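Asker: One structure, pasted below without further comment.
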Amino acid sequence: MTATLDFLRLLKSRPVGLAGLIGIVLFVVVSFVGPLLVPLDTKVDLTAIYAPPSFAHPLGTDYQGRDVFNQIIWGGRDIMIVAFLAALLSTVIAVTFGSLGAVVGGAVDSTILAITDVILTIPRLPLLVVLAALLRLNSILILALIVGALAWPSLLRAVRAQVLSLKEREFVEAARALDLGLGHIIFAEILPNMRSYIAISFILAMTQAIYAQAGLIFLGLVPLSGTNWGVMINLAWVRGAVFFRDSLPYILSPVLAIALFQLALVSLASALEDIFNPRLRGAA
Amino acid sequence: MATTAEVRLTATAPSWTSTAGAVASGFWRHAILRALVKAAATIYVVSTFTFVIVRLMPGNPIEIYIDKLVTEQLLSYEDALATATGKFSVDLRRPIYEQYVSYLGNLARGDLGSSILSEGTPVTALLLRYLPWTVFAVGTGLMLSFLIGISLGLMTALKRNSPTDHVVSSVSAVVSSIPDYLIGILLVVFLGVQLRWLPITQMRGVLSPGIQPGFTFEFVRDAFFHASLPIVTYVLTHTGIWMLTMKNSTLAALEEDYVTAARARGLSERRITTAYVGRNAILPLFTQFTISAGFILGGALFIEFIFVYQGLGWLLYNSINQRDYPIMQGVFLLITVSVVVANLLADLVYTKLDPRIGRG
Amino acid sequence: MSILAVEHLSIAYQTRRGAVQAVRDVSFDLDQAETLAIIGESGSGKTTLAQSLVRLSPRSATVTNGRILYRPPDGPQVDVRSLDEGRLRRYRWQGCALVFQSALNAFNPVLTIRDHFADTARAHGMGDFREQATELLDMVSLDARRVLPAFPHELSGGMRQRVLIALGLLLAPQILILDEPTTALDILTQRQVIDLLRTLKERLGFALVFISHDLSLAAELADRVITMYAGRIVETATVADLFYRPRHPYSLGLLRAVPRVSGALGNLDSIPGSPPDLIRLPPGCTYHARCPFGVDDCLKAEPPLLDVDTPAHRAACIRWQDVADAVGSFEPAAVGV
């Protein structure tokens, strides 16, 4: 509890990071609690296509007269779940194998590094797109799995570098001397010292996951049903809403929603980095 | 009493040039060899991976295509196999292992099969037709974002914590966190539709109708006209990361002892900024180049789609939509190979710039 | 006439906790062709002092008081602190050359040794430096043909230190300041560097200041020694006087802590305790907490430098007489004085 309070106090002196945290909380609450309070508006009203913002429809209506604001509330949940799961998967893989390779060294390390380097070189988006085309991404889980499974290489290299530098420190040597076993060394000694680093990486992995999935959905390669900011953009594009002047709120709302959420994540991550990396702070 | 290093240097005295030359170039080649081997290995793995996906996975495109031929065009299974063989440059009647080997052989010879939809068009020809446009747009975008990014990075590092630094860094941070396709959409929406500043529809495609390719001013101007929005999107998206990397790298270089030592020797600030700070700060950027090249080529997919710019990305998207798998496979391989080659070049340049690498 | 006169120099760093008094009221003179050793432990302010002599203190450090007067034989006296940009650059390396430790980081890793010489020469309007450089490298026992085209990481620590010394003498400065010249080197290389410095001084006649925590270095090379503690000079004397007749408890403690070459441990005492907090200095004498001679009077006020019983010898201790008596029964460690 005190750690959280300390953390919040540190964050207070970095307004950008604080704003990011607040933004994230807001988005999450709206996206998860909102749908519980507000039913999805599926009423089709062809007389009110692309209606301008009004009291009844704060963000106007879409190409079928449905309320845009309502869709925005419902649109974040899937994206956030996929981002979270994908980031979780890639962080777990990267941390486990990165630290394993760094601590064990030798052939194990070389193998892991080789595999990582090869996958790192393959451009992720074309690969994702190809996989999306060949597999059928009709469930959130599969989408998260694919996105996460391709995101770990750069994180693994960074984790490995960090662990390598920590490895030479005394507390690791002490643990070795006490014969405390590989698992213990990794999970109880080294990783706790990298907590902040892993947290920042997790947040950044989430932004990558959002980028990937929203992009795939935008291209129409993910046959997901349901409301989703990415789906909204896709529909807007496909229906040509982009080229009508009146449909500005409709196209702009999901774009801003994604952009602002990404911005909040990035702000928090860089504030965290600033807190935990003293060298980046300005001269005292 | 000489230390080992000095003994080593003096021991090569008799034939200094030849011995040292051989030793040095051996080291040098070693680092280059490593980079080459890595590049070759990656290309090999990707080729195999593509083969697995396209040929071996359950529900793979070749099976689907054969099914389609059999059910829709009522071909016999053997005839369907033969047709598919022609399309995919893989002899489907042979055992898997042989297919794999011949697939690799074909790749090496540049035979990537033919398009399913446009009869008789070899994939390689299609690739060559669309490749230059992507290279043009992506290359220009990458170069511009690099130049702008490192200048801004150097400036914000030198003027750290000044108002300029804060403004530039904030703006860059905001713009960089927005996905590139969203920036593209925003450009279309605002510049094209809302404000009507740009003739968006006219800017589609890579060339205006009637313009002939050639080294004429008219052609170059037209090419830039059509590529301008994609290039602007690339620059907006990627300048931020160059700036940030250069800024961090410059800040680190500024704190190095050799900078203070250079000042102690009375060197001018200008010389220090270029040869001491700048040249060292730029080294880590080569790793970033690797990441950026892959990223931009991947992003080209979205950007070309949004701006209807017929390059490789656009081709990939269309081939996916139309289920034209040989093209899809070909574009994917080409994009990957391009990234590998770009990385290789970056690695090679790095070994030349940093004397600590490859010289033992 | 002294070539450098430091008068009441005080330097403080700004930190979050407060101002660190790194250098407090330091005054000393440096004569032409003299070798001065500044001895102190880490945190004594010696490096800050050295950096300030060429105005290279870190950005967070401010000179709160004092003057640094440079008196070149062929020009007027100047206060280093008041030099403008152009003259400061000329003073650096031409008037006074501050040479850092031989760590790899003193060199720009992407430039060859020749580039380092070229940059230095060019910055000071020196045309063809090759002859000078080759001669100097020869004087430090290095083969210019091999060293000049090399990159810094290709040289050993000893070679780098020697290159730095040669580079320092390129413009024939009046004053050469060496910060920890032997610290990162093995014993044998240290020997080489010490002999080298002695020869160079004889040949070229510059004034040499070196900063160290290594007393034996002072014994080998110095004419005069200054010991610093907690940012102040606590004793200044000729080298013989400091080693045979120390008058400040800190100097005495340093001497006692040096083991003898003969191997007999004898009276090997380290100084107990640790240096004081330079942000909130204790009242009175800063050495009191660790001083075997400390009495209540010591806490009343910080002792000024007092003349003691030998000429040109001063110590900041009100009980120097008692120190002198204690020394009578003390043999200096066999450091080759």
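To be explicit about the labels: the chains of the structure tokens are called A, B, and onward in the order shown, and within each one the residues are counted from 1, while ligands get numbers from 1 in the order they are shown.
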Using only C-alpha atoms, I'd like a table of the residues in chain B that come within 7 Å of chain A; for each, show the closest atom pair and its distance in Å rounded to one decimal, ordered by chain and ascending number, as a tab-separated table.
Answerer:
residue	atom	partner	partner_atom	distance
B:Thr42	CA	A:Val118	CA	5.2
B:Val174	CA	A:Leu263	CA	6.4
B:Ser177	CA	A:Leu263	CA	5.5
B:Ile178	CA	A:Ala259	CA	5.1
B:Pro179	CA	A:Tyr211	CA	6.0
B:Leu182	CA	A:Val255	CA	6.4
B:Val189	CA	A:Val242	CA	6.2
B:Val193	CA	A:Phe243	CA	5.9
B:Gln194	CA	A:Arg245	CA	5.9
B:Gly294	CA	A:Pro123	CA	4.9
B:Phe295	CA	A:Pro123	CA	6.6
B:Gly298	CA	A:Leu125	CA	4.9
B:Ile320	CA	A:Ala133	CA	6.4
B:Phe332	CA	A:Pro126	CA	6.5
B:Thr336	CA	A:Ile122	CA	5.6
B:Val339	CA	A:Thr121	CA	6.9
B:Val340	CA	A:Thr121	CA	6.3
Asker: Name the residues in contact with region 69-82 of chain C at a cut-off of 9 Å, using only C-alpha atoms, excluding same-chain residues fewer than 3 positions from it; report them as a list of chain:residue names.
Answerer: C:Met1, C:Ser2, C:Ile3, C:Leu4, C:Ala5, C:Val6, C:Glu7, C:Gln32, C:Ser52, C:Leu53, C:Val54, C:Arg55, C:Val63, C:Leu88, C:Tyr91, C:Gly95, C:Gln174
Asker: May I ask you to extract the residues of chain C within 9 Å of chain B, using only C-alpha atoms, and to give them as a compact mmCIF listing (two decimals) with C-alpha atoms, in the first residue's frame?
Answerer:
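And here's result-v8.txt as it stands now:
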# COMPACT_ATOMS: atom_id res chain seq x y z
CA GLN C 51 39.60 20.80 -12.85
CA VAL C 54 41.45 25.01 -16.32
CA ARG C 55 37.81 25.86 -15.67
CA LEU C 56 36.56 22.39 -16.40
CA LEU C 88 40.63 30.30 -22.24
CA ARG C 89 40.99 27.87 -25.09
CA ARG C 90 44.54 29.06 -25.66
CA TYR C 91 45.37 28.83 -21.97
CA ARG C 92 44.09 25.28 -21.94
CA TRP C 93 46.85 22.97 -23.05
CA GLN C 94 49.22 25.74 -24.12
CA ALA C 97 47.56 21.08 -19.62
CA LEU C 98 45.29 18.95 -17.45
CA VAL C 99 45.81 15.30 -18.24
CA PHE C 100 43.14 12.86 -17.09
CA LEU C 104 40.23 4.32 -22.22
CA ASN C 105 37.58 6.96 -21.89
CA ALA C 106 40.03 9.84 -22.07
CA PHE C 107 40.25 9.12 -25.78
CA ASN C 108 37.65 9.43 -28.50
CA PRO C 109 37.14 5.78 -29.53
CA VAL C 110 36.51 6.52 -33.18
CA LEU C 111 39.62 8.62 -33.75
CA HIS C 116 44.02 13.30 -31.34
CA ASP C 119 43.02 18.01 -33.37
CA THR C 120 45.14 19.44 -30.59
CA ARG C 122 44.98 22.42 -35.20
CA ALA C 123 43.06 23.93 -32.31
CA HIS C 124 46.12 25.90 -31.33
CA ARG C 146 52.97 2.10 -34.62
CA PHE C 151 42.93 3.40 -32.18
CA HIS C 153 41.35 0.50 -27.66
CA GLU C 154 44.31 -1.13 -29.36
CA LEU C 155 46.79 0.23 -26.82
CA SER C 156 47.48 -1.04 -23.34
CA GLY C 158 50.49 1.92 -19.85
CA MET C 159 50.82 2.95 -23.46
CA GLY C 168 50.07 16.92 -22.91
CA LEU C 188 55.99 -2.19 -13.35
CA THR C 189 54.27 0.32 -15.60
CA GLN C 192 58.17 3.38 -16.08
Asker: Pull out every residue of chain C sitting within 9 Å of chain A, counting only C-alpha atoms, and send them as a ChimeraX atom specification.
Answerer: /C:14-16,59-60
Asker: Which residue is closest to Ser145 (chain B)? Choose from B:Thr250, B:Ser292, B:Thr164, B:Gln322 and count only C-alpha atoms.
Answerer: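 Using only C-alpha atoms, Ser145 (chain B) sits closest to B:Ser292.
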Asker: One number please: CA of Thr310 (chain C) to CA of Glu220 (chain C), in Å, one decimal.
Answerer: 21.2 Å
Asker: Write out as an MDAnalysis selection string all residues of region 206-288 of chain B that backbone DSSP assigns to alpha helix (DSSP H).
Answerer: chainID B and resid 217:254 257:264 269:271 279:281 285:288
Asker: Near Ala158 (chain A), within 10 Å and counting only C-alpha atoms, which residues show up once chain neighbours fewer than 4 positions away are dropped, as a count of residues only?
Answerer: 11
Asker: If you measure from CA of Leu272 (chain A) to CA of Leu150 (chain A), what distance in Å do you get, rounded to one decimal?
Answerer: 24.8 Å
Asker: Let's see if you can do this: from backbone DSSP, list all strand (DSSP E) residues in region 165-283 of chain C, as a ChimeraX atom specification.
Answerer: /C:175-179,207-212,224-229,232-238
Asker: Could you save the residues just selected, with N, CA and C atoms, as a compact mmCIF listing (two decimals), in the first residue's frame?
Answerer:
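See again_36.txt below for the written result:
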# COMPACT_ATOMS: atom_id res chain seq x y z
N ILE C 175 52.64 24.52 -17.49
CA ILE C 175 52.21 23.71 -16.35
C ILE C 175 51.58 22.43 -16.88
N LEU C 176 51.99 21.32 -16.30
CA LEU C 176 51.36 20.05 -16.63
C LEU C 176 50.71 19.51 -15.36
N ILE C 177 49.41 19.25 -15.44
CA ILE C 177 48.71 18.70 -14.27
C ILE C 177 48.30 17.28 -14.59
N LEU C 178 48.69 16.35 -13.77
CA LEU C 178 48.33 14.96 -13.99
C LEU C 178 47.41 14.50 -12.87
N ASP C 179 46.23 14.01 -13.26
CA ASP C 179 45.29 13.52 -12.27
C ASP C 179 45.43 12.01 -12.16
N ALA C 207 56.47 23.07 -15.09
CA ALA C 207 56.02 22.89 -13.72
C ALA C 207 55.04 21.73 -13.71
N LEU C 208 55.18 20.86 -12.76
CA LEU C 208 54.34 19.66 -12.73
C LEU C 208 53.52 19.62 -11.45
N VAL C 209 52.22 19.43 -11.65
CA VAL C 209 51.36 19.21 -10.49
C VAL C 209 50.75 17.83 -10.66
N PHE C 210 50.86 16.99 -9.67
CA PHE C 210 50.09 15.77 -9.82
C PHE C 210 49.24 15.51 -8.58
N ILE C 211 48.08 14.98 -8.89
CA ILE C 211 47.06 14.71 -7.88
C ILE C 211 47.06 13.23 -7.64
N SER C 212 47.08 12.83 -6.39
CA SER C 212 47.07 11.40 -6.14
C SER C 212 46.66 11.12 -4.71
N ARG C 224 57.51 19.66 -3.51
CA ARG C 224 56.68 20.05 -2.37
C ARG C 224 55.41 19.22 -2.38
N VAL C 225 54.84 19.08 -1.19
CA VAL C 225 53.62 18.28 -1.06
C VAL C 225 52.56 19.09 -0.34
N ILE C 226 51.33 18.99 -0.81
CA ILE C 226 50.18 19.57 -0.12
C ILE C 226 49.25 18.42 0.22
N THR C 227 48.83 18.33 1.48
CA THR C 227 47.81 17.33 1.78
C THR C 227 46.47 18.04 1.95
N MET C 228 45.45 17.43 1.39
CA MET C 228 44.12 18.01 1.46
C MET C 228 43.21 17.10 2.24
N TYR C 229 42.35 17.71 3.03
CA TYR C 229 41.35 16.93 3.75
C TYR C 229 40.05 17.73 3.79
N ARG C 232 40.05 21.22 2.30
CA ARG C 232 41.02 22.23 2.71
C ARG C 232 42.42 21.69 2.66
N ILE C 233 43.37 22.61 2.56
CA ILE C 233 44.77 22.21 2.71
C ILE C 233 45.05 22.08 4.19
N VAL C 234 45.54 20.93 4.60
CA VAL C 234 45.85 20.77 6.02
C VAL C 234 47.36 20.79 6.28
N GLU C 235 48.14 20.56 5.24
CA GLU C 235 49.57 20.69 5.45
C GLU C 235 50.26 20.97 4.13
N THR C 236 51.25 21.85 4.16
CA THR C 236 52.06 22.10 2.97
C THR C 236 53.51 22.16 3.40
N ALA C 237 54.35 21.39 2.70
CA ALA C 237 55.76 21.29 3.12
C ALA C 237 56.62 20.79 1.98
N THR C 238 57.94 20.85 2.14
CA THR C 238 58.81 20.19 1.18
C THR C 238 58.63 18.69 1.39
Asker: Skip Gly184 (chain B) itself and residues of its chain fewer than 4 positions away, then list as a PyMOL selection string all residues within 9 Å of it, counting only C-alpha atoms.
Answerer: chain B and resi 179-180+188-189+229-230+232-233+302-303+306-307
Asker: Next, dump the selected residues to file, keeping only C-alpha atoms, as a compact mmCIF listing (two decimals), in the first residue's frame.
Answerer:
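part-v5.txt was written with the following content:
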# COMPACT_ATOMS: atom_id res chain seq x y z
CA PRO B 179 -0.28 4.50 -35.35
CA ASP B 180 0.85 5.33 -38.87
CA VAL B 188 -6.94 12.08 -45.90
CA VAL B 189 -9.78 13.28 -43.72
CA LEU B 229 1.32 11.82 -48.94
CA PRO B 230 2.82 8.40 -48.25
CA VAL B 232 4.75 12.64 -45.40
CA THR B 233 3.08 9.89 -43.39
CA PHE B 302 -1.26 0.21 -44.54
CA ILE B 303 -0.07 3.42 -46.11
CA ILE B 306 -4.93 4.11 -47.62
CA PHE B 307 -3.47 6.24 -50.37
Asker: Which value, in Å to one decimal, gives the distance between CA of Cys317 (chain C) and CA of Gly253 (chain C)?
Answerer: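 Taking CA of Cys317 (chain C) as the start and CA of Gly253 (chain C) as the end point, the length is 13.6 Å.
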Asker: Which residues are close to region 105-107 of chain B, i.e. within 12 Å by only C-alpha atoms, leaving aside same-chain residues fewer than 2 positions away? Reply as a ChimeraX atom specification.
Answerer: /B:43-44,46-48,50-51,88-91,98-103,109-113,123-124,329-330,333-334,337
Asker: Compile the contact shell of Val38 (chain A) as a PDB file with C-alpha atoms, in the first residue's frame: residues with an atom at most 12 Å away, counting only C-alpha atoms, same-chain residues fewer than 6 positions apart removed.
Answerer:
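Below is the file that was written, out_33.pdb:
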ATOM      1  CA  VAL A  30     -15.425   3.316 -19.538  1.00  0.00           C
ATOM      2  CA  SER A  31     -14.672   0.286 -21.646  1.00  0.00           C
ATOM      3  CA  PHE A  32     -15.360  -2.332 -19.005  1.00  0.00           C
ATOM      4  CA  ASP A  67     -25.241   6.246 -32.029  1.00  0.00           C
ATOM      5  CA  PHE A  69     -20.895   7.538 -28.649  1.00  0.00           C
ATOM      6  CA  ASN A  70     -22.504   4.297 -27.650  1.00  0.00           C
ATOM      7  CA  GLN A  71     -20.209   2.393 -29.979  1.00  0.00           C
ATOM      8  CA  ILE A  72     -17.186   4.140 -28.557  1.00  0.00           C
ATOM      9  CA  ILE A  73     -18.116   3.010 -25.073  1.00  0.00           C
ATOM     10  CA  TRP A  74     -18.473  -0.538 -26.240  1.00  0.00           C
TER      11      TRP A  74
END
Asker: What's around Pro249 (chain C) at 9 Å? Count only C-alpha atoms, leave out sequence neighbours fewer than 5 positions away in its own chain, and write the answer as a list in words.
Answerer: Leu254, Tyr287, Cys291, Pro292, Phe293, Cys317, Arg319, Trp320 and Val323 of chain C
